[in-house]
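Trainee: data_14.cif is the file, holding mmCIF, C-alpha atoms and all ligand atoms:
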data_entry
#
loop_
_atom_site.label_atom_id
_atom_site.label_comp_id
_atom_site.auth_asym_id
_atom_site.auth_seq_id
_atom_site.Cartn_x
_atom_site.Cartn_y
_atom_site.Cartn_z
CA MET K 1445 -21.53 -67.89 47.75
CA THR K 1446 -23.65 -67.64 44.63
CA ARG K 1447 -25.36 -64.29 44.24
CA THR K 1448 -28.28 -63.84 41.90
CA GLY K 1449 -31.10 -61.37 41.50
CA HIS K 1450 -31.23 -58.06 39.68
CA PRO K 1451 -28.91 -55.96 41.83
CA ALA K 1452 -26.11 -58.54 41.62
CA ILE K 1453 -26.54 -58.91 37.85
CA ALA K 1454 -26.86 -55.16 37.28
CA ASP K 1455 -23.74 -54.65 39.37
CA ALA K 1456 -21.80 -57.31 37.45
CA LEU K 1457 -22.74 -55.91 34.05
CA ASN K 1458 -22.49 -52.25 35.04
CA GLY K 1459 -21.08 -50.05 32.26
CA LEU K 1460 -21.59 -52.51 29.42
CA ASN K 1461 -23.91 -50.07 27.68
CA THR K 1462 -24.30 -51.87 24.38
CA VAL K 1463 -25.25 -55.18 25.96
CA LYS K 1464 -29.04 -55.64 25.95
CA ILE K 1465 -30.58 -56.85 29.21
CA TRP K 1466 -34.18 -57.81 29.91
CA TYR K 1467 -34.87 -58.34 33.59
CA ASP K 1468 -37.56 -60.75 34.77
CA GLU K 1469 -38.14 -61.89 31.23
CA PRO K 1470 -40.90 -64.53 30.89
CA MET K 1471 -39.65 -67.50 28.89
CA SER K 1472 -43.15 -67.93 27.50
CA ARG K 1473 -42.20 -65.03 25.18
CA HIS K 1474 -39.21 -66.86 23.76
CA ALA K 1475 -39.53 -70.62 24.15
CA SER K 1476 -41.10 -72.52 21.26
CA LEU K 1477 -43.45 -74.18 23.80
CA LYS K 1478 -44.74 -70.69 24.68
CA LEU K 1479 -44.50 -71.36 28.39
CA GLY K 1480 -41.99 -71.20 31.22
CA GLY K 1481 -41.15 -68.96 34.16
CA LYS K 1482 -39.12 -65.77 34.28
CA VAL K 1483 -35.37 -65.62 33.96
CA ASP K 1484 -33.68 -63.10 36.26
CA ALA K 1485 -32.02 -61.57 33.22
CA LEU K 1486 -31.89 -62.38 29.54
CA VAL K 1487 -28.70 -60.89 28.16
CA MET K 1488 -27.84 -60.40 24.50
CA THR K 1489 -24.46 -59.36 23.17
CA GLU K 1490 -23.67 -58.22 19.65
CA ASN K 1491 -20.26 -59.74 19.28
CA GLU K 1492 -17.89 -62.26 20.82
CA ASP K 1493 -15.74 -59.65 22.60
CA GLN K 1494 -18.78 -58.39 24.49
CA LEU K 1495 -19.82 -61.96 25.19
CA GLY K 1496 -16.37 -62.71 26.62
CA GLU K 1497 -16.57 -59.68 28.89
CA VAL K 1498 -20.04 -60.69 30.12
CA VAL K 1499 -18.91 -64.27 30.78
CA ARG K 1500 -15.83 -63.07 32.70
CA ARG K 1501 -17.86 -60.69 34.84
CA LEU K 1502 -20.61 -63.20 35.63
CA ARG K 1503 -18.03 -65.84 36.48
CA ALA K 1504 -16.12 -63.40 38.71
CA LYS K 1505 -19.31 -62.65 40.67
CA ASN K 1506 -20.39 -66.29 40.79
CA ILE K 1507 -23.62 -65.60 38.94
CA PRO K 1508 -24.97 -68.72 37.19
CA PHE K 1509 -25.49 -68.42 33.47
CA LEU K 1510 -26.84 -70.58 30.67
CA PRO K 1511 -26.33 -69.99 26.95
CA VAL K 1512 -29.52 -70.33 24.93
CA GLY K 1513 -30.32 -70.06 21.26
CA ASN K 1514 -33.84 -70.32 19.90
CA LEU K 1515 -35.23 -72.11 22.98
CA THR K 1516 -36.75 -74.84 20.84
CA ASN K 1517 -35.54 -77.73 22.98
CA ILE K 1518 -35.73 -76.34 26.48
CA LEU K 1519 -38.33 -76.32 29.24
CA VAL K 1520 -37.97 -73.63 31.88
CA ARG K 1521 -39.86 -74.57 35.04
CA ASP K 1522 -42.60 -72.19 36.19
CA GLY K 1523 -40.49 -70.73 39.02
CA GLY K 1524 -38.03 -69.43 36.41
CA TYR K 1525 -34.25 -69.45 36.14
CA ARG K 1526 -32.12 -67.78 38.79
CA GLY K 1527 -29.25 -66.21 36.98
CA VAL K 1528 -28.56 -65.06 33.44
CA MET K 1529 -29.57 -66.61 30.18
CA LEU K 1530 -27.05 -65.63 27.54
CA TRP K 1531 -29.15 -65.24 24.45
CA MET K 1532 -26.96 -65.87 21.42
CA HIS K 1533 -29.35 -64.19 18.99
CA GLY K 1534 -26.95 -61.26 18.42
CA LEU K 1535 -24.11 -63.49 17.18
CA ASN K 1536 -25.44 -63.74 13.65
CA GLN K 1537 -22.52 -63.78 11.21
CA LEU K 1538 -22.72 -66.32 8.42
CA SER K 1539 -20.39 -66.92 5.48
CA CYS K 1540 -19.32 -69.51 2.96
CA VAL K 1541 -15.61 -70.16 2.35
CA PRO K 1542 -13.99 -72.31 -0.35
CA LEU K 1543 -11.40 -74.63 1.19
CA ALA K 1544 -8.13 -75.82 -0.31
CA ASP K 1545 -9.26 -79.41 -0.81
CA GLY K 1546 -12.23 -78.59 -3.07
CA GLN K 1547 -14.67 -78.69 -0.16
CA TYR K 1548 -16.57 -75.70 1.21
CA GLY K 1549 -16.96 -74.42 4.71
CA ILE K 1550 -19.98 -72.62 6.09
CA ASP K 1551 -18.90 -70.54 9.06
CA ALA K 1552 -21.81 -69.66 11.32
CA GLN K 1553 -21.91 -67.90 14.64
CA ALA K 1554 -23.91 -69.54 17.41
CA GLY K 1555 -27.01 -67.36 17.06
CA VAL K 1556 -27.55 -68.04 13.37
CA THR K 1557 -30.64 -70.13 12.78
CA LEU K 1558 -30.22 -73.52 11.14
CA ALA K 1559 -32.81 -72.29 8.63
CA LYS K 1560 -30.35 -69.62 7.45
CA VAL K 1561 -27.47 -72.08 7.27
CA VAL K 1562 -29.60 -74.50 5.26
CA ALA K 1563 -30.74 -71.68 2.95
CA LEU K 1564 -27.13 -70.63 2.33
CA ALA K 1565 -26.13 -74.22 1.57
CA ALA K 1566 -28.99 -74.43 -0.94
CA ALA K 1567 -28.07 -71.12 -2.56
CA GLU K 1568 -24.42 -72.21 -2.90
CA GLU K 1569 -25.47 -75.68 -4.11
CA LEU K 1570 -23.67 -77.39 -1.23
CA THR K 1571 -24.76 -80.78 -0.01
CA GLY K 1572 -24.54 -82.26 3.51
CA LEU K 1573 -26.91 -80.15 5.57
CA GLU K 1574 -30.22 -81.17 4.01
CA PHE K 1575 -31.11 -83.16 7.15
CA CYS K 1576 -31.27 -79.90 9.14
CA THR K 1577 -34.16 -78.61 7.04
CA GLY K 1578 -37.01 -77.69 9.34
CA ILE K 1579 -35.08 -78.03 12.64
CA PRO K 1580 -35.95 -74.69 14.25
CA GLY K 1581 -32.86 -74.29 16.45
CA SER K 1582 -29.74 -72.14 16.34
CA VAL K 1583 -26.24 -73.27 15.43
CA GLY K 1584 -25.13 -73.18 19.09
CA GLY K 1585 -28.09 -75.25 20.24
CA ALA K 1586 -27.71 -77.69 17.37
CA VAL K 1587 -24.04 -78.29 18.14
CA TRP K 1588 -24.67 -78.57 21.87
CA MET K 1589 -27.48 -81.08 21.32
CA ASN K 1590 -25.78 -82.80 18.37
CA ALA K 1591 -29.09 -82.29 16.58
CA GLY K 1592 -29.98 -84.87 13.99
CA ALA K 1593 -32.62 -86.25 11.70
CA TYR K 1594 -33.04 -88.71 8.86
CA GLY K 1595 -29.93 -90.69 9.74
CA MET K 1596 -27.49 -87.79 10.13
CA GLU K 1597 -26.27 -85.66 12.99
CA ILE K 1598 -24.41 -82.37 13.37
CA LYS K 1599 -21.24 -84.33 14.19
CA ASP K 1600 -21.25 -85.68 10.61
CA VAL K 1601 -20.86 -82.23 9.08
CA VAL K 1602 -19.08 -80.13 11.68
CA SER K 1603 -15.39 -79.43 11.15
CA PHE K 1604 -14.63 -77.40 14.25
CA VAL K 1605 -16.51 -75.65 17.02
CA THR K 1606 -15.46 -72.34 18.56
CA VAL K 1607 -15.94 -72.53 22.31
CA MET K 1608 -15.51 -69.89 25.02
CA ASP K 1609 -14.39 -70.90 28.50
CA GLY K 1610 -15.31 -69.32 31.83
CA GLU K 1611 -12.45 -66.83 31.44
CA GLY K 1612 -14.01 -65.57 28.22
CA LYS K 1613 -11.18 -67.16 26.16
CA LYS K 1614 -12.03 -68.73 22.82
CA LYS K 1615 -10.57 -71.79 21.20
CA ASN K 1616 -11.40 -73.95 18.21
CA LEU K 1617 -12.07 -77.61 18.96
CA ARG K 1618 -11.79 -79.99 16.04
CA ARG K 1619 -14.61 -82.48 15.62
CA ASP K 1620 -12.36 -85.33 16.79
CA GLU K 1621 -11.64 -83.44 20.02
CA ILE K 1622 -15.33 -83.50 20.98
CA ALA K 1623 -17.14 -86.70 21.95
CA PHE K 1624 -20.54 -86.36 20.32
CA ALA K 1625 -23.26 -88.86 21.19
CA TYR K 1626 -27.00 -89.17 20.69
CA ARG K 1627 -28.33 -85.64 21.33
CA LYS K 1628 -25.39 -84.66 23.47
CA SER K 1629 -21.73 -83.80 23.49
CA ASN K 1630 -19.06 -83.80 26.17
CA LEU K 1631 -18.58 -80.03 26.01
CA SER K 1632 -18.32 -78.81 29.58
CA ALA K 1633 -21.50 -77.47 31.14
CA ASP K 1634 -20.18 -73.90 31.28
CA ALA K 1635 -18.74 -73.91 27.75
CA VAL K 1636 -20.32 -71.28 25.52
CA ILE K 1637 -20.41 -72.23 21.86
CA CYS K 1638 -19.62 -69.15 19.78
CA GLY K 1639 -19.88 -70.75 16.37
CA ALA K 1640 -18.96 -73.64 14.13
CA ARG K 1641 -17.69 -74.51 10.68
CA PHE K 1642 -19.66 -77.02 8.64
CA ILE K 1643 -17.88 -78.90 5.86
CA LEU K 1644 -19.92 -79.42 2.72
CA GLN K 1645 -19.42 -80.63 -0.84
CA LYS K 1646 -20.52 -79.12 -4.13
CA GLY K 1647 -23.65 -80.91 -5.27
CA ASN K 1648 -26.52 -80.71 -7.67
CA GLY K 1649 -28.63 -77.65 -6.80
CA ALA K 1650 -31.93 -79.14 -7.96
CA GLN K 1651 -31.33 -82.36 -6.04
CA ILE K 1652 -30.36 -80.51 -2.87
CA LYS K 1653 -33.43 -78.28 -3.01
CA GLY K 1654 -35.61 -81.28 -3.88
CA ARG K 1655 -34.41 -83.20 -0.82
CA MET K 1656 -34.98 -80.15 1.39
CA ALA K 1657 -38.53 -79.75 0.09
CA GLU K 1658 -39.16 -83.45 0.64
CA ILE K 1659 -37.96 -83.26 4.26
CA MET K 1660 -40.06 -80.16 4.89
CA LYS K 1661 -43.13 -81.93 3.56
CA MET K 1662 -42.51 -84.97 5.80
CA ARG K 1663 -42.14 -82.70 8.82
CA GLN K 1664 -45.32 -80.80 8.03
CA GLU K 1665 -47.23 -84.07 7.72
CA LYS K 1666 -45.80 -85.84 10.77
CA HIS K 1667 -45.24 -83.10 13.33
CA PRO K 1668 -47.95 -81.11 15.13
CA LEU K 1669 -46.60 -77.78 13.94
CA GLN K 1670 -49.88 -75.91 14.43
CA TYR K 1671 -49.34 -75.95 18.22
CA PRO K 1672 -46.38 -74.67 20.24
CA ASN K 1673 -44.01 -77.58 21.02
CA ALA K 1674 -40.36 -78.33 21.69
CA GLY K 1675 -39.77 -81.14 19.23
CA SER K 1676 -39.17 -84.66 20.51
CA VAL K 1677 -39.66 -84.79 24.25
CA PHE K 1678 -37.87 -88.12 24.82
CA LYS K 1679 -34.82 -89.76 23.31
CA ASN K 1680 -35.54 -92.85 21.27
CA LEU K 1681 -34.53 -96.19 22.79
CA PRO K 1682 -32.28 -98.49 20.76
CA GLY K 1683 -34.55 -99.93 18.06
CA LEU K 1684 -37.67 -98.38 19.59
CA PRO K 1685 -38.80 -94.85 18.75
CA ALA K 1686 -40.13 -93.14 21.89
CA GLY K 1687 -43.25 -92.04 19.99
CA LYS K 1688 -44.09 -95.65 19.11
CA LEU K 1689 -43.68 -96.74 22.73
CA ILE K 1690 -45.88 -93.90 24.02
CA GLU K 1691 -48.53 -94.73 21.44
CA GLU K 1692 -48.40 -98.44 22.35
CA MET K 1693 -48.96 -97.51 26.00
CA GLY K 1694 -52.17 -95.76 24.95
CA LEU K 1695 -51.00 -92.30 25.99
CA LYS K 1696 -51.54 -90.44 22.72
CA GLY K 1697 -53.88 -87.53 23.38
CA LEU K 1698 -53.37 -87.63 27.18
CA ARG K 1699 -53.99 -84.14 28.52
CA HIS K 1700 -53.06 -82.29 31.67
CA GLY K 1701 -54.25 -78.70 31.81
CA ASP K 1702 -53.52 -77.32 28.37
CA ALA K 1703 -50.56 -79.64 27.77
CA GLN K 1704 -51.31 -82.64 25.60
CA VAL K 1705 -49.45 -85.63 24.19
CA SER K 1706 -49.91 -84.91 20.51
CA ASN K 1707 -52.50 -86.98 18.68
CA LEU K 1708 -50.36 -86.71 15.57
CA HIS K 1709 -46.95 -87.70 16.99
CA ALA K 1710 -46.82 -89.17 20.49
CA ASN K 1711 -43.27 -87.97 21.20
CA PHE K 1712 -44.43 -84.36 20.99
CA ILE K 1713 -46.18 -82.55 23.84
CA VAL K 1714 -48.12 -79.55 22.60
CA ASN K 1715 -49.39 -76.44 24.31
CA LYS K 1716 -53.07 -76.10 23.48
CA GLY K 1717 -53.31 -72.62 24.96
CA GLN K 1718 -52.39 -71.80 28.54
CA ALA K 1719 -50.24 -74.81 29.47
CA THR K 1720 -47.66 -74.36 32.21
CA ALA K 1721 -44.28 -76.03 32.57
CA SER K 1722 -45.69 -78.10 35.43
CA ASP K 1723 -48.46 -79.41 33.14
CA VAL K 1724 -45.79 -80.57 30.70
CA LEU K 1725 -43.66 -82.04 33.49
CA ARG K 1726 -46.68 -83.91 34.82
CA LEU K 1727 -47.21 -85.57 31.43
CA ILE K 1728 -43.49 -86.37 31.21
CA ARG K 1729 -43.65 -88.04 34.64
CA ILE K 1730 -46.76 -90.07 33.78
CA ILE K 1731 -45.13 -91.34 30.57
CA GLN K 1732 -41.85 -92.20 32.30
CA GLU K 1733 -43.60 -94.00 35.16
CA LYS K 1734 -45.78 -96.05 32.84
CA ALA K 1735 -42.80 -96.99 30.64
CA GLY K 1736 -40.91 -98.09 33.76
CA LYS K 1737 -43.75 -100.02 35.42
CA GLU K 1738 -45.29 -101.66 32.37
CA LYS K 1739 -42.32 -102.14 30.07
CA GLY K 1740 -39.30 -101.91 32.36
CA LEU K 1741 -37.93 -99.16 30.11
CA GLU K 1742 -36.31 -95.90 31.11
CA LEU K 1743 -37.28 -92.98 28.93
CA GLU K 1744 -34.79 -90.12 29.10
CA THR K 1745 -35.89 -86.63 28.11
CA GLU K 1746 -34.36 -85.08 25.04
CA ILE K 1747 -35.61 -81.63 25.98
CA VAL K 1748 -33.41 -79.81 28.47
CA ILE K 1749 -35.24 -78.98 31.70
CA VAL K 1750 -33.96 -76.04 33.73
CA GLY K 1751 -35.07 -73.62 36.41
CA GLU K 1752 -37.01 -73.82 39.63
CA SER K 1753 -40.46 -75.14 40.46
CA LEU K 1754 -43.02 -72.70 41.81
C1 LIG K 1801 -40.92 -78.56 15.61
C2 LIG K 1801 -39.57 -78.99 16.12
C3 LIG K 1801 -38.85 -79.95 15.43
C4 LIG K 1801 -37.59 -80.37 15.88
N1 LIG K 1801 -36.92 -81.33 15.18
C5 LIG K 1801 -35.71 -81.74 15.62
C6 LIG K 1801 -34.99 -82.75 14.91
O1 LIG K 1801 -35.42 -83.26 13.90
N2 LIG K 1801 -33.78 -83.12 15.40
C7 LIG K 1801 -33.25 -82.55 16.52
O2 LIG K 1801 -32.14 -82.93 16.90
N3 LIG K 1801 -33.91 -81.61 17.21
C8 LIG K 1801 -35.11 -81.18 16.79
N4 LIG K 1801 -35.79 -80.21 17.48
C9 LIG K 1801 -35.22 -79.68 18.74
C10 LIG K 1801 -34.35 -78.41 18.58
O3 LIG K 1801 -34.81 -77.60 17.52
C11 LIG K 1801 -32.90 -78.75 18.35
O4 LIG K 1801 -32.36 -79.56 19.39
C12 LIG K 1801 -32.06 -77.48 18.26
O5 LIG K 1801 -30.78 -77.81 17.84
C13 LIG K 1801 -31.96 -76.70 19.57
O6 LIG K 1801 -31.43 -75.44 19.28
P1 LIG K 1801 -31.87 -74.14 20.11
O7 LIG K 1801 -31.07 -73.01 19.60
O8 LIG K 1801 -33.33 -73.97 20.07
O9 LIG K 1801 -31.38 -74.57 21.55
P2 LIG K 1801 -32.02 -74.14 22.96
O10 LIG K 1801 -33.36 -74.80 23.10
O11 LIG K 1801 -31.98 -72.68 23.11
O12 LIG K 1801 -31.00 -74.85 23.96
C14 LIG K 1801 -30.89 -76.25 23.99
C15 LIG K 1801 -29.64 -76.63 24.79
O13 LIG K 1801 -28.49 -76.17 24.10
C16 LIG K 1801 -27.73 -75.31 24.94
N5 LIG K 1801 -27.20 -74.22 24.11
C17 LIG K 1801 -27.89 -73.45 23.22
N6 LIG K 1801 -27.05 -72.59 22.63
C18 LIG K 1801 -25.81 -72.80 23.16
C19 LIG K 1801 -24.53 -72.21 22.98
N7 LIG K 1801 -24.34 -71.23 22.11
N8 LIG K 1801 -23.50 -72.69 23.72
C20 LIG K 1801 -23.68 -73.70 24.61
N9 LIG K 1801 -24.86 -74.29 24.82
C21 LIG K 1801 -25.92 -73.86 24.11
C22 LIG K 1801 -28.71 -74.79 25.98
O14 LIG K 1801 -28.04 -74.40 27.17
C23 LIG K 1801 -29.59 -76.00 26.18
O15 LIG K 1801 -28.96 -76.89 27.04
C24 LIG K 1801 -37.05 -79.78 17.04
C25 LIG K 1801 -37.77 -78.79 17.74
C26 LIG K 1801 -39.02 -78.40 17.28
C27 LIG K 1801 -39.77 -77.34 18.04
#
Would you write out, as structure tokens, the structure that this file holds?
Mentor:
Amino acid sequence: MTRTGHPAIADALNGLNTVKIWYDEPMSRHASLKLGGKVDALVMTENEDQLGEVVRRLRAKNIPFLPVGNLTNILVRDGGYRGVMLWMHGLNQLSCVPLADGQYGIDAQAGVTLAKVVALAAAEELTGLEFCTGIPGSVGGAVWMNAGAYGMEIKDVVSFVTVMDGEGKKKNLRRDEIAFAYRKSNLSADAVICGARFILQKGNGAQIKGRMAEIMKMRQEKHPLQYPNAGSVFKNLPGLPAGKLIEEMGLKGLRHGDAQVSNLHANFIVNKGQATASDVLRLIRIIQEKAGKEKGLELETEIVIVGESL
């Protein structure tokens, strides 16, 4: 039987004094949408050994857990998440290593922000990761989602991914051992990504920084960054960007509570103040139903939806 709740979690993690635990933590404090219910426990470890111990203990007690990074692509329903969210924020090692074949590797633990990886690539004049400029996620989340932009995806630059299984054991999976697809991978649902190596080439520093600045400018112009959001809500359809479809259906600006389909970019839902997860879900449902009824198209969410309804 699955046991959740504070006593079961406290019991499972008893004695792990350096592991940080926040009970009943509202996701509105952490998620980029600034909304979402409470997680039974948000747990942060400082290193992979601790993480392995936590994973083993939770698994042994049948307590559900979900690794999370920067929570920039996740919607936690208003009733919250029963179990543990493993917050990867403490796994923050980042380094650059020259490789034998003249290429360079950037080794990043799962909790490192893409912004830091991109900044290191720029400082070392390495090209390949420019497309990640402005994506606000963590390395773990980006690998899990196979994040992408401007014609490239994480799978194009990742060399191997370090994954931890339910026994807390780590192994490196080469890129060709993982089936990456559009905003997903075939990594098993309980796999915890501990880090990844990105393979990059020496390039022209000015060009790399120029491209990064150009991408940042495009994002600032096209995305409603002044309001809390979770990036693209829906996956694009083949040959049809979801935002274009939503705009064509006349749903730009549609509001429910304080959640609104952005007037700037229709594939973004923004929180105009006190939006709840159910407000956002309501808009998602309206959009999906209209796309189905009027266009015969099935819009799949890109954002990951977890937790319980109120
Ligand atoms: C303004 C804005 C712009 C964005 N632009 C883009 C874009 O251009 N392209 C794009 O692809 N995305 C974009 N995103 C979405 C998001 O930033 C990316 O998908 C990002 O990679 C998610 O990382 P995260 O750390 O926030 O993941 P989270 O939101 O924390 O988690 C997302 C999923 O990944 C899983 N996960 C997270 N960490 C791990 C781990 N260590 N091990 C296993 N699973 C894990 C979670 O369980 C969840 O299923 C944007 C978001 C915003 C807010």
Trainee: Chain K near ligand LIG 1801 (chain K) within 7 Å: what's each residue's closest atom pair and its distance in Å to one decimal, counting only C-alpha atoms and all ligand atoms, ordered by chain then ascending residue number, as a tab-separated table?
Mentor:
residue	atom	partner	partner_atom	distance
K:Ser1476	CA	K:LIG1801	C27	5.9
K:Leu1510	CA	K:LIG1801	O14	5.3
K:Pro1511	CA	K:LIG1801	O14	4.7
K:Val1512	CA	K:LIG1801	O11	3.9
K:Gly1513	CA	K:LIG1801	O7	3.5
K:Asn1514	CA	K:LIG1801	O8	3.7
K:Leu1515	CA	K:LIG1801	O10	3.3
K:Thr1516	CA	K:LIG1801	O8	3.6
K:Asn1517	CA	K:LIG1801	O10	3.7
K:Ile1518	CA	K:LIG1801	O10	4.4
K:Met1532	CA	K:LIG1801	N7	6.0
K:Ala1554	CA	K:LIG1801	N7	5.0
K:Gly1555	CA	K:LIG1801	N7	6.9
K:Gly1578	CA	K:LIG1801	C3	6.8
K:Ile1579	CA	K:LIG1801	N1	4.6
K:Pro1580	CA	K:LIG1801	O3	4.5
K:Gly1581	CA	K:LIG1801	O6	3.4
K:Ser1582	CA	K:LIG1801	O7	3.6
K:Val1583	CA	K:LIG1801	O7	6.4
K:Gly1584	CA	K:LIG1801	N7	3.7
K:Gly1585	CA	K:LIG1801	O6	3.5
K:Ala1586	CA	K:LIG1801	O5	3.1
K:Val1587	CA	K:LIG1801	O5	6.8
K:Trp1588	CA	K:LIG1801	O13	5.0
K:Met1589	CA	K:LIG1801	O4	5.5
K:Asn1590	CA	K:LIG1801	O2	6.5
K:Ala1591	CA	K:LIG1801	O2	3.1
K:Gly1592	CA	K:LIG1801	O2	4.1
K:Ala1593	CA	K:LIG1801	O1	4.6
K:Arg1627	CA	K:LIG1801	O2	6.4
K:Ala1635	CA	K:LIG1801	C20	5.9
K:Val1636	CA	K:LIG1801	N8	3.9
K:Ile1637	CA	K:LIG1801	N8	3.6
K:Cys1638	CA	K:LIG1801	N7	5.7
K:His1667	CA	K:LIG1801	C1	6.7
K:Leu1669	CA	K:LIG1801	C1	6.0
K:Asn1673	CA	K:LIG1801	C27	5.2
K:Ala1674	CA	K:LIG1801	C27	3.8
K:Gly1675	CA	K:LIG1801	C25	3.4
K:Ser1676	CA	K:LIG1801	C24	6.4
K:Val1748	CA	K:LIG1801	O15	5.5
Trainee: From the options K:Lys1716, K:Lys1653, K:His1450, K:Lys1679, which residue's atoms come nearest to Gln1732 in chain K, counting only C-alpha atoms?
Mentor: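 Looking only at the distances to Gln1732 in chain K, the closest residue turns out to be K:Lys1679.
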Trainee: Please return, as a list in words, all polymer residues that have at least one atom within 12 Å of the point (-41.1, -98.3, 32.5); use only C-alpha atoms and the file's own coordinate frame.
Mentor: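 So the residues meeting the distance criterion are Leu1681, Ala1686, Leu1689, Ile1690, Met1693, Arg1729, Ile1730, Ile1731, Gln1732, Glu1733, Lys1734, Ala1735, Gly1736, Lys1737, Glu1738, Lys1739, Gly1740, Leu1741, Glu1742, Leu1743 and Glu1744 of chain K.
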Trainee: Smallest atom-to-atom distance to Glu1492 in chain K: which of K:Leu1708, K:Leu1698, K:Val1463, K:Ile1507, using only C-alpha atoms?
Mentor: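 So, comparing all the options, the nearest one is K:Val1463.
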Trainee: Expressed in Å to a single decimal, how great is the separation between CA of Asp1634 in chain K and CA of Asp1620 in chain K?
Mentor: 20.0 Å
Trainee: Can you list, as a PDB file with C-alpha atoms, in the coordinates of the input, every protein, DNA or RNA residue that comes within 9 Å of Thr1606 in chain K when you count all atoms listed in the file, leaving out same-chain residues fewer than 2 positions away?
Mentor:
ATOM      1  CA  GLN K1553     -21.910 -67.900  14.640  1.00  0.00           C
ATOM      2  CA  ALA K1554     -23.910 -69.540  17.410  1.00  0.00           C
ATOM      3  CA  PHE K1604     -14.630 -77.400  14.250  1.00  0.00           C
ATOM      4  CA  MET K1608     -15.510 -69.890  25.020  1.00  0.00           C
ATOM      5  CA  LYS K1614     -12.030 -68.730  22.820  1.00  0.00           C
ATOM      6  CA  LYS K1615     -10.570 -71.790  21.200  1.00  0.00           C
ATOM      7  CA  ASN K1616     -11.400 -73.950  18.210  1.00  0.00           C
ATOM      8  CA  LEU K1617     -12.070 -77.610  18.960  1.00  0.00           C
ATOM      9  CA  ARG K1618     -11.790 -79.990  16.040  1.00  0.00           C
ATOM     10  CA  VAL K1636     -20.320 -71.280  25.520  1.00  0.00           C
ATOM     11  CA  ILE K1637     -20.410 -72.230  21.860  1.00  0.00           C
ATOM     12  CA  CYS K1638     -19.620 -69.150  19.780  1.00  0.00           C
ATOM     13  CA  GLY K1639     -19.880 -70.750  16.370  1.00  0.00           C
ATOM     14  CA  ALA K1640     -18.960 -73.640  14.130  1.00  0.00           C
ATOM     15  CA  ARG K1641     -17.690 -74.510  10.680  1.00  0.00           C
TER      16      ARG K1641
END
Trainee: Using all atoms listed in the file, which protein or nucleic acid residues come within 12 Å of Gly1527 in chain K? Drop anything in the same chain fewer than 3 positions from it, and give the result as a ChimeraX atom specification.
Mentor: /K:1446-1454,1456,1467-1469,1482-1487,1502-1503,1505-1511,1524,1530,1750-1752
Trainee: Print the selection's residues with C-alpha atoms to a file, as a PDB file, keeping the file's coordinate frame.
Mentor:
ATOM      1  CA  THR K1446     -23.650 -67.640  44.630  1.00  0.00           C
ATOM      2  CA  ARG K1447     -25.360 -64.290  44.240  1.00  0.00           C
ATOM      3  CA  THR K1448     -28.280 -63.840  41.900  1.00  0.00           C
ATOM      4  CA  GLY K1449     -31.100 -61.370  41.500  1.00  0.00           C
ATOM      5  CA  HIS K1450     -31.230 -58.060  39.680  1.00  0.00           C
ATOM      6  CA  PRO K1451     -28.910 -55.960  41.830  1.00  0.00           C
ATOM      7  CA  ALA K1452     -26.110 -58.540  41.620  1.00  0.00           C
ATOM      8  CA  ILE K1453     -26.540 -58.910  37.850  1.00  0.00           C
ATOM      9  CA  ALA K1454     -26.860 -55.160  37.280  1.00  0.00           C
ATOM     10  CA  ALA K1456     -21.800 -57.310  37.450  1.00  0.00           C
ATOM     11  CA  TYR K1467     -34.870 -58.340  33.590  1.00  0.00           C
ATOM     12  CA  ASP K1468     -37.560 -60.750  34.770  1.00  0.00           C
ATOM     13  CA  GLU K1469     -38.140 -61.890  31.230  1.00  0.00           C
ATOM     14  CA  LYS K1482     -39.120 -65.770  34.280  1.00  0.00           C
ATOM     15  CA  VAL K1483     -35.370 -65.620  33.960  1.00  0.00           C
ATOM     16  CA  ASP K1484     -33.680 -63.100  36.260  1.00  0.00           C
ATOM     17  CA  ALA K1485     -32.020 -61.570  33.220  1.00  0.00           C
ATOM     18  CA  LEU K1486     -31.890 -62.380  29.540  1.00  0.00           C
ATOM     19  CA  VAL K1487     -28.700 -60.890  28.160  1.00  0.00           C
ATOM     20  CA  LEU K1502     -20.610 -63.200  35.630  1.00  0.00           C
ATOM     21  CA  ARG K1503     -18.030 -65.840  36.480  1.00  0.00           C
ATOM     22  CA  LYS K1505     -19.310 -62.650  40.670  1.00  0.00           C
ATOM     23  CA  ASN K1506     -20.390 -66.290  40.790  1.00  0.00           C
ATOM     24  CA  ILE K1507     -23.620 -65.600  38.940  1.00  0.00           C
ATOM     25  CA  PRO K1508     -24.970 -68.720  37.190  1.00  0.00           C
ATOM     26  CA  PHE K1509     -25.490 -68.420  33.470  1.00  0.00           C
ATOM     27  CA  LEU K1510     -26.840 -70.580  30.670  1.00  0.00           C
ATOM     28  CA  PRO K1511     -26.330 -69.990  26.950  1.00  0.00           C
ATOM     29  CA  GLY K1524     -38.030 -69.430  36.410  1.00  0.00           C
ATOM     30  CA  LEU K1530     -27.050 -65.630  27.540  1.00  0.00           C
ATOM     31  CA  VAL K1750     -33.960 -76.040  33.730  1.00  0.00           C
ATOM     32  CA  GLY K1751     -35.070 -73.620  36.410  1.00  0.00           C
ATOM     33  CA  GLU K1752     -37.010 -73.820  39.630  1.00  0.00           C
TER      34      GLU K1752
END
Trainee: Excluding same-chain residues fewer than 3 positions from Leu1477 in chain K, what lies within 12 Å of it counting only C-alpha atoms, as a PyMOL selection string?
Mentor: chain K and resi 1471-1474+1480-1481+1514-1521+1668-1677+1702-1704+1712-1721+1723-1724+1747
Trainee: Kindly indicate which residue among K:Glu1611, K:Arg1500, K:Gly1649, K:Trp1531 lies nearest to Ala1563 in chain K, using all atoms listed in the file for the distances.
Mentor: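 Closest to Ala1563 in chain K of all the choices is K:Gly1649.
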